[in-house]
$ cat entry_12.cif   # mmCIF, C-alpha atoms and all ligand atoms
data_upload
loop_
_atom_site.group_PDB
_atom_site.id
_atom_site.type_symbol
_atom_site.label_atom_id
_atom_site.label_comp_id
_atom_site.auth_asym_id
_atom_site.auth_seq_id
_atom_site.Cartn_x
_atom_site.Cartn_y
_atom_site.Cartn_z
ATOM 1 C CA MET A 1 127.897 76.880 99.246
ATOM 2 C CA SER A 2 124.756 77.898 101.039
ATOM 3 C CA GLY A 3 124.595 78.354 104.788
ATOM 4 C CA ALA A 4 123.152 75.937 107.313
ATOM 5 C CA LEU A 5 119.606 74.807 106.597
ATOM 6 C CA LYS A 6 116.784 75.474 109.038
ATOM 7 C CA GLY A 7 115.754 72.511 111.220
ATOM 8 C CA SER A 8 112.794 71.379 109.124
ATOM 9 C CA ALA A 9 114.744 71.690 105.869
ATOM 10 C CA GLN A 10 117.610 69.785 107.464
ATOM 11 C CA ARG A 11 115.259 66.906 108.273
ATOM 12 C CA VAL A 12 114.243 66.719 104.624
ATOM 13 C CA GLN A 13 117.862 66.761 103.482
ATOM 14 C CA ALA A 14 118.587 63.946 105.945
ATOM 15 C CA ALA A 15 115.657 61.918 104.565
ATOM 16 C CA LEU A 16 116.919 62.406 100.995
ATOM 17 C CA ASP A 17 120.425 61.393 102.042
ATOM 18 C CA ALA A 18 119.071 58.328 103.843
ATOM 19 C CA HIS A 19 117.353 57.258 100.621
ATOM 20 C CA GLY A 20 120.617 57.670 98.741
ATOM 21 C CA LEU A 21 119.208 60.393 96.499
ATOM 22 C CA ALA A 22 121.755 62.959 95.400
ATOM 23 C CA ALA A 23 119.370 65.888 95.802
ATOM 24 C CA GLU A 24 120.212 69.154 97.468
ATOM 25 C CA VAL A 25 117.720 71.180 99.469
ATOM 26 C CA ARG A 26 117.892 74.803 98.391
ATOM 27 C CA GLU A 27 116.637 77.780 100.346
ATOM 28 C CA PHE A 28 115.461 80.819 98.433
ATOM 29 C CA PRO A 29 115.303 84.405 99.676
ATOM 30 C CA ALA A 30 111.812 84.674 98.151
ATOM 31 C CA SER A 31 108.793 82.667 99.306
ATOM 32 C CA THR A 32 108.202 79.207 97.866
ATOM 33 C CA ARG A 33 105.042 78.795 99.959
ATOM 34 C CA THR A 34 102.687 78.262 97.018
ATOM 35 C CA SER A 35 103.240 76.526 93.700
ATOM 36 C CA ALA A 36 103.141 79.852 91.848
ATOM 37 C CA GLU A 37 105.615 81.478 94.227
ATOM 38 C CA ALA A 38 107.903 78.475 94.103
ATOM 39 C CA ALA A 39 107.891 78.442 90.293
ATOM 40 C CA ALA A 40 108.665 82.171 90.185
ATOM 41 C CA ALA A 41 111.539 81.852 92.680
ATOM 42 C CA ILE A 42 113.015 78.797 90.935
ATOM 43 C CA GLY A 43 112.401 79.914 87.357
ATOM 44 C CA CYS A 44 110.465 76.806 86.325
ATOM 45 C CA THR A 45 106.872 76.264 85.215
ATOM 46 C CA VAL A 46 104.076 75.848 87.765
ATOM 47 C CA GLY A 47 103.427 72.395 86.306
ATOM 48 C CA GLN A 48 106.927 71.346 87.405
ATOM 49 C CA ILE A 49 106.099 72.048 91.034
ATOM 50 C CA ALA A 50 105.207 68.832 92.851
ATOM 51 C CA LYS A 51 102.760 70.006 95.508
ATOM 52 C CA SER A 52 102.435 67.713 98.511
ATOM 53 C CA LEU A 53 98.791 67.771 99.552
ATOM 54 C CA VAL A 54 97.499 66.044 102.660
ATOM 55 C CA PHE A 55 94.046 64.516 102.775
ATOM 56 C CA ARG A 56 92.241 62.827 105.643
ATOM 57 C CA ALA A 57 90.680 59.398 105.162
ATOM 58 C CA ARG A 58 87.161 59.641 106.531
ATOM 59 C CA GLU A 59 86.861 56.089 107.870
ATOM 60 C CA SER A 60 90.335 55.146 109.092
ATOM 61 C CA ASP A 61 91.423 58.729 109.900
ATOM 62 C CA ARG A 62 94.676 58.034 108.056
ATOM 63 C CA ALA A 63 96.640 60.892 106.545
ATOM 64 C CA VAL A 64 97.007 60.438 102.794
ATOM 65 C CA MET A 65 99.641 62.190 100.683
ATOM 66 C CA VAL A 66 98.808 63.257 97.155
ATOM 67 C CA ILE A 67 101.683 64.714 95.159
ATOM 68 C CA ALA A 68 100.215 66.710 92.316
ATOM 69 C CA SER A 69 101.506 68.875 89.516
ATOM 70 C CA GLY A 70 101.202 72.546 90.495
ATOM 71 C CA THR A 71 98.705 73.245 87.729
ATOM 72 C CA ASN A 72 96.341 70.372 88.553
ATOM 73 C CA ARG A 73 93.349 70.153 90.830
ATOM 74 C CA VAL A 74 93.067 66.792 92.554
ATOM 75 C CA ASP A 75 90.059 64.607 91.814
ATOM 76 C CA GLU A 76 89.310 63.450 95.360
ATOM 77 C CA LYS A 77 86.960 60.735 94.110
ATOM 78 C CA ALA A 78 89.733 59.174 92.010
ATOM 79 C CA VAL A 79 92.047 59.093 95.040
ATOM 80 C CA ALA A 80 89.288 57.707 97.255
ATOM 81 C CA ALA A 81 88.621 54.921 94.756
ATOM 82 C CA ARG A 82 92.290 53.898 94.829
ATOM 83 C CA LEU A 83 92.468 54.156 98.605
ATOM 84 C CA GLY A 84 89.231 52.310 99.204
ATOM 85 C CA GLU A 85 87.555 54.934 101.367
ATOM 86 C CA PRO A 86 86.377 58.529 101.055
ATOM 87 C CA ILE A 87 88.771 61.381 101.780
ATOM 88 C CA GLY A 88 88.455 65.022 102.713
ATOM 89 C CA ARG A 89 90.833 67.954 102.961
ATOM 90 C CA ALA A 90 92.979 68.035 106.085
ATOM 91 C CA ASP A 91 93.171 71.121 108.259
ATOM 92 C CA ALA A 92 96.442 72.801 109.200
ATOM 93 C CA ASP A 93 96.728 71.106 112.607
ATOM 94 C CA PHE A 94 96.164 67.633 111.152
ATOM 95 C CA VAL A 95 98.801 68.284 108.485
ATOM 96 C CA ARG A 96 101.379 69.367 111.052
ATOM 97 C CA GLU A 97 100.573 66.525 113.431
ATOM 98 C CA ARG A 98 100.744 63.751 110.836
ATOM 99 C CA THR A 99 103.605 64.983 108.665
ATOM 100 C CA GLY A 100 105.684 67.022 111.097
ATOM 101 C CA TYR A 101 105.612 70.064 108.780
ATOM 102 C CA ALA A 102 103.497 73.178 108.359
ATOM 103 C CA ILE A 103 101.438 73.842 105.222
ATOM 104 C CA GLY A 104 103.526 75.653 102.637
ATOM 105 C CA GLY A 105 106.572 73.508 103.316
ATOM 106 C CA VAL A 106 105.189 69.964 103.479
ATOM 107 C CA PRO A 107 107.670 67.714 101.668
ATOM 108 C CA PRO A 108 106.910 64.448 99.844
ATOM 109 C CA VAL A 109 109.262 62.522 102.187
ATOM 110 C CA GLY A 110 110.718 62.748 105.678
ATOM 111 C CA HIS A 111 107.396 62.613 107.508
ATOM 112 C CA SER A 112 106.870 61.701 111.162
ATOM 113 C CA SER A 113 105.575 58.341 109.926
ATOM 114 C CA PRO A 114 105.189 56.902 106.418
ATOM 115 C CA LEU A 115 102.013 57.910 104.584
ATOM 116 C CA PRO A 116 100.116 56.157 101.795
ATOM 117 C CA THR A 117 101.100 58.186 98.755
ATOM 118 C CA PHE A 118 99.616 58.837 95.330
ATOM 119 C CA ILE A 119 101.525 60.597 92.568
ATOM 120 C CA ASP A 120 99.937 62.611 89.776
ATOM 121 C CA HIS A 121 100.699 60.881 86.465
ATOM 122 C CA ASP A 122 101.192 64.282 84.816
ATOM 123 C CA LEU A 123 104.393 64.816 86.855
ATOM 124 C CA LEU A 124 106.021 62.003 84.886
ATOM 125 C CA GLY A 125 105.891 64.145 81.767
ATOM 126 C CA TYR A 126 108.646 66.443 83.025
ATOM 127 C CA ASP A 127 112.407 65.854 83.016
ATOM 128 C CA GLU A 128 112.794 67.592 86.336
ATOM 129 C CA ILE A 129 110.387 68.644 89.034
ATOM 130 C CA TRP A 130 110.680 70.553 92.308
ATOM 131 C CA ALA A 131 109.159 69.698 95.678
ATOM 132 C CA ALA A 132 108.858 71.491 99.012
ATOM 133 C CA ALA A 133 111.587 70.775 101.534
ATOM 134 C CA GLY A 134 110.187 71.513 104.960
ATOM 135 C CA THR A 135 109.859 75.296 105.060
ATOM 136 C CA PRO A 136 108.126 77.999 102.969
ATOM 137 C CA ASN A 137 111.502 78.878 101.435
ATOM 138 C CA ALA A 138 113.036 75.476 100.791
ATOM 139 C CA VAL A 139 112.704 73.180 97.786
ATOM 140 C CA PHE A 140 114.657 70.427 96.063
ATOM 141 C CA ARG A 141 114.907 69.264 92.472
ATOM 142 C CA LEU A 142 114.503 65.676 91.392
ATOM 143 C CA ARG A 143 113.408 63.476 88.542
ATOM 144 C CA PRO A 144 109.860 62.113 88.558
ATOM 145 C CA ALA A 145 111.130 58.514 88.654
ATOM 146 C CA ASP A 146 113.085 59.385 91.790
ATOM 147 C CA LEU A 147 109.929 60.768 93.380
ATOM 148 C CA VAL A 148 108.222 57.438 92.760
ATOM 149 C CA ALA A 149 111.157 55.472 94.187
ATOM 150 C CA LEU A 150 111.559 57.792 97.151
ATOM 151 C CA THR A 151 107.943 57.688 98.257
ATOM 152 C CA GLY A 152 106.882 54.238 97.097
ATOM 153 C CA GLY A 153 103.864 56.125 95.796
ATOM 154 C CA GLU A 154 101.317 54.818 93.339
ATOM 155 C CA VAL A 155 101.162 56.772 90.086
ATOM 156 C CA VAL A 156 97.566 57.630 89.268
ATOM 157 C CA ASP A 157 95.564 59.827 86.972
ATOM 158 C CA ILE A 158 94.232 62.240 89.590
ATOM 159 C CA ARG A 159 93.724 65.417 87.606
ATOM 160 C CA GLN A 160 90.244 66.738 88.018
ATOM 161 C CA VAL A 161 88.678 67.484 84.687
ATOM 162 C CA SER A 162 86.516 70.545 85.124
HETATM 163 N N1 LIG A 201 106.071 75.010 98.980
HETATM 164 C C1 LIG A 201 104.998 74.996 98.023
HETATM 165 C C2 LIG A 201 105.441 74.523 96.670
HETATM 166 S S1 LIG A 201 106.109 72.921 96.660
HETATM 167 C C3 LIG A 201 103.881 74.179 98.575
HETATM 168 O O1 LIG A 201 104.017 73.561 99.616
HETATM 169 N N2 LIG A 201 102.768 74.199 97.833
HETATM 170 S S2 LIG A 201 101.557 73.221 98.093
HETATM 171 O O2 LIG A 201 100.584 73.545 97.097
HETATM 172 O O3 LIG A 201 101.995 71.883 98.168
HETATM 173 O O4 LIG A 201 101.063 73.548 99.521
HETATM 174 C C4 LIG A 201 100.134 74.432 99.751
HETATM 175 C C5 LIG A 201 98.859 73.637 99.806
HETATM 176 O O5 LIG A 201 98.422 73.553 101.123
HETATM 177 C C6 LIG A 201 97.716 74.272 99.034
HETATM 178 O O6 LIG A 201 97.683 73.837 97.722
HETATM 179 C C7 LIG A 201 96.518 73.784 99.785
HETATM 180 O O7 LIG A 201 96.076 72.557 99.259
HETATM 181 C C8 LIG A 201 97.034 73.497 101.157
HETATM 182 N N3 LIG A 201 96.519 74.486 102.101
HETATM 183 C C9 LIG A 201 96.788 75.797 102.130
HETATM 184 N N4 LIG A 201 96.134 76.377 103.139
HETATM 185 C C10 LIG A 201 95.433 75.402 103.761
HETATM 186 C C11 LIG A 201 94.574 75.355 104.897
HETATM 187 N N5 LIG A 201 94.289 76.430 105.618
HETATM 188 N N6 LIG A 201 94.067 74.169 105.259
HETATM 189 C C12 LIG A 201 94.347 73.064 104.568
HETATM 190 N N7 LIG A 201 95.150 73.055 103.491
HETATM 191 C C13 LIG A 201 95.682 74.199 103.090
#
$ encode --input "entry_12.cif" --output "structure tokens"
Amino acid sequence: MSGALKGSAQRVQAALDAHGLAAEVREFPASTRTSAEAAAAIGCTVGQIAKSLVFRARESDRAVMVIASGTNRVDEKAVAARLGEPIGRADADFVRERTGYAIGGVPPVGHSSPLPTFIDHDLLGYDEIWAAAGTPNAVFRLRPADLVALTGGEVVDIRQVS
């Protein structure tokens, strides 16, 4: 058994439990702050990392969650089209204020208030994926279908083709 989770990681575990998902938040001694670091610590591919990116809707000022495969760049125009208004990148303060977590540990669930969520279609191609769990050392494993159920997110093709 691992020791007690840090506060932010505990909140994520509580959110998973509340959703009835049998997922366990795991803390690693090494950093999981970036997708590449998380993949290295876990021993999975970068594509299996579900990165939780926060955008800011330019008209409504809503926070928008985009959960993307670690290897993909997000096509902001595709997300904006689905949302119905333009979006821009959020800064660190906005991310913390709207999600309750600092960049590097922002989870896909357990936010201060529910966020409109879009899920990268490419994540559905994996058996198992890993997402951040509140801190730059904490992650949890889940199946893509569970990510969809957990977040109520809309699955979209959001990979930017460059
Ligand atoms: N724990 C890892 C793996 S799950 C993680 O959270 N990765 S992440 O990719 O979802 O989160 C880092 C993301 O935060 C980066 O991809 C980037 O989009 C965003 N980010 C990093 N620094 C900043 C910054 N200064 N301002 C706004 N966004 C940032």
$ residues_around --input "entry_12.cif" --residues "region 67-84 of chain A" --least-positions-apart "2" --cutoff "7 Å" --atoms "all atoms listed in the file" --output "list in words"
Ser35, Val46, Gly47, Gln48, Ile49, Ala50, Lys51, Ser52, Leu53, Met65, Pro86, Ile87, Phe118, Ile119, Asp120, Asp122, Leu123, Ile158, Arg159 and Gln160 of chain A
$ atom_distance --input "entry_12.cif" --atom1 "atom C5 of ligand LIG 201 (chain A)" --atom2 "CA of Val156 (chain A)"
19.2 Å
$ closest_residue --input "entry_12.cif" --among "A:Ser60, A:Val25, A:Gly153, A:Arg33" --to "Gly7 (chain A)" --atoms "all atoms listed in the file"
A:Val25
$ residues_near_ligand --input "entry_12.cif" --ligand "ligand LIG 201 (chain A)" --cutoff "9 Å" --atoms "only C-alpha atoms and all ligand atoms" --output "JSON list (two decimals) with C-alpha atoms, in the frame of the given file"
[["chain", "number", "residue", "atom", "x", "y", "z"],
["A", 31, "SER", "CA", 108.79, 82.67, 99.31],
["A", 32, "THR", "CA", 108.20, 79.21, 97.87],
["A", 33, "ARG", "CA", 105.04, 78.80, 99.96],
["A", 34, "THR", "CA", 102.69, 78.26, 97.02],
["A", 35, "SER", "CA", 103.24, 76.53, 93.70],
["A", 36, "ALA", "CA", 103.14, 79.85, 91.85],
["A", 37, "GLU", "CA", 105.62, 81.48, 94.23],
["A", 38, "ALA", "CA", 107.90, 78.47, 94.10],
["A", 39, "ALA", "CA", 107.89, 78.44, 90.29],
["A", 49, "ILE", "CA", 106.10, 72.05, 91.03],
["A", 50, "ALA", "CA", 105.21, 68.83, 92.85],
["A", 51, "LYS", "CA", 102.76, 70.01, 95.51],
["A", 52, "SER", "CA", 102.44, 67.71, 98.51],
["A", 53, "LEU", "CA", 98.79, 67.77, 99.55],
["A", 54, "VAL", "CA", 97.50, 66.04, 102.66],
["A", 55, "PHE", "CA", 94.05, 64.52, 102.78],
["A", 67, "ILE", "CA", 101.68, 64.71, 95.16],
["A", 68, "ALA", "CA", 100.22, 66.71, 92.32],
["A", 69, "SER", "CA", 101.51, 68.88, 89.52],
["A", 70, "GLY", "CA", 101.20, 72.55, 90.50],
["A", 73, "ARG", "CA", 93.35, 70.15, 90.83],
["A", 89, "ARG", "CA", 90.83, 67.95, 102.96],
["A", 90, "ALA", "CA", 92.98, 68.04, 106.08],
["A", 91, "ASP", "CA", 93.17, 71.12, 108.26],
["A", 92, "ALA", "CA", 96.44, 72.80, 109.20],
["A", 93, "ASP", "CA", 96.73, 71.11, 112.61],
["A", 94, "PHE", "CA", 96.16, 67.63, 111.15],
["A", 95, "VAL", "CA", 98.80, 68.28, 108.48],
["A", 102, "ALA", "CA", 103.50, 73.18, 108.36],
["A", 103, "ILE", "CA", 101.44, 73.84, 105.22],
["A", 104, "GLY", "CA", 103.53, 75.65, 102.64],
["A", 105, "GLY", "CA", 106.57, 73.51, 103.32],
["A", 106, "VAL", "CA", 105.19, 69.96, 103.48],
["A", 107, "PRO", "CA", 107.67, 67.71, 101.67],
["A", 130, "TRP", "CA", 110.68, 70.55, 92.31],
["A", 131, "ALA", "CA", 109.16, 69.70, 95.68],
["A", 132, "ALA", "CA", 108.86, 71.49, 99.01],
["A", 133, "ALA", "CA", 111.59, 70.78, 101.53],
["A", 134, "GLY", "CA", 110.19, 71.51, 104.96],
["A", 135, "THR", "CA", 109.86, 75.30, 105.06],
["A", 136, "PRO", "CA", 108.13, 78.00, 102.97],
["A", 137, "ASN", "CA", 111.50, 78.88, 101.44],
["A", 138, "ALA", "CA", 113.04, 75.48, 100.79],
["A", 139, "VAL", "CA", 112.70, 73.18, 97.79],
["A", 140, "PHE", "CA", 114.66, 70.43, 96.06]]
$ atom_distance --input "entry_12.cif" --atom1 "CA of Ala145 (chain A)" --atom2 "CA of Glu128 (chain A)"
9.5 Å
$ closest_residue --input "entry_12.cif" --among "A:Glu97, A:Asp127, A:Glu59, A:Asp146" --to "Ala22 (chain A)" --atoms "only C-alpha atoms"
A:Asp146
$ atom_distance --input "entry_12.cif" --atom1 "CA of Ala15 (chain A)" --atom2 "CA of Ala149 (chain A)"
13.0 Å
$ axis_aligned_box --input "entry_12.cif" --around "region 50-64 of chain A" --padding-each-side "4 Å" --output "AutoDock Vina command-line options"
--center_x 96.0 --center_y 62.6 --center_z 101.4 --size_x 26.3 --size_y 22.9 --size_z 25.0
$ residues_near_point --input "entry_12.cif" --point "(112.3, 65.2, 105.3)" --cutoff "10 Å" --atoms "all atoms listed in the file" --output "number ranges by chain"
A: 8-18, 25, 99-101, 106-112, 132-134
$ write_last_selection --input "entry_12.cif" --atoms "C-alpha atoms" --output "PDB file, in the frame of the given file"
ATOM      1  CA  SER A   8     112.794  71.379 109.124  1.00  0.00           C
ATOM      2  CA  ALA A   9     114.744  71.690 105.869  1.00  0.00           C
ATOM      3  CA  GLN A  10     117.610  69.785 107.464  1.00  0.00           C
ATOM      4  CA  ARG A  11     115.259  66.906 108.273  1.00  0.00           C
ATOM      5  CA  VAL A  12     114.243  66.719 104.624  1.00  0.00           C
ATOM      6  CA  GLN A  13     117.862  66.761 103.482  1.00  0.00           C
ATOM      7  CA  ALA A  14     118.587  63.946 105.945  1.00  0.00           C
ATOM      8  CA  ALA A  15     115.657  61.918 104.565  1.00  0.00           C
ATOM      9  CA  LEU A  16     116.919  62.406 100.995  1.00  0.00           C
ATOM     10  CA  ASP A  17     120.425  61.393 102.042  1.00  0.00           C
ATOM     11  CA  ALA A  18     119.071  58.328 103.843  1.00  0.00           C
ATOM     12  CA  VAL A  25     117.720  71.180  99.469  1.00  0.00           C
ATOM     13  CA  THR A  99     103.605  64.983 108.665  1.00  0.00           C
ATOM     14  CA  GLY A 100     105.684  67.022 111.097  1.00  0.00           C
ATOM     15  CA  TYR A 101     105.612  70.064 108.780  1.00  0.00           C
ATOM     16  CA  VAL A 106     105.189  69.964 103.479  1.00  0.00           C
ATOM     17  CA  PRO A 107     107.670  67.714 101.668  1.00  0.00           C
ATOM     18  CA  PRO A 108     106.910  64.448  99.844  1.00  0.00           C
ATOM     19  CA  VAL A 109     109.262  62.522 102.187  1.00  0.00           C
ATOM     20  CA  GLY A 110     110.718  62.748 105.678  1.00  0.00           C
ATOM     21  CA  HIS A 111     107.396  62.613 107.508  1.00  0.00           C
ATOM     22  CA  SER A 112     106.870  61.701 111.162  1.00  0.00           C
ATOM     23  CA  ALA A 132     108.858  71.491  99.012  1.00  0.00           C
ATOM     24  CA  ALA A 133     111.587  70.775 101.534  1.00  0.00           C
ATOM     25  CA  GLY A 134     110.187  71.513 104.960  1.00  0.00           C
TER      26      GLY A 134
END
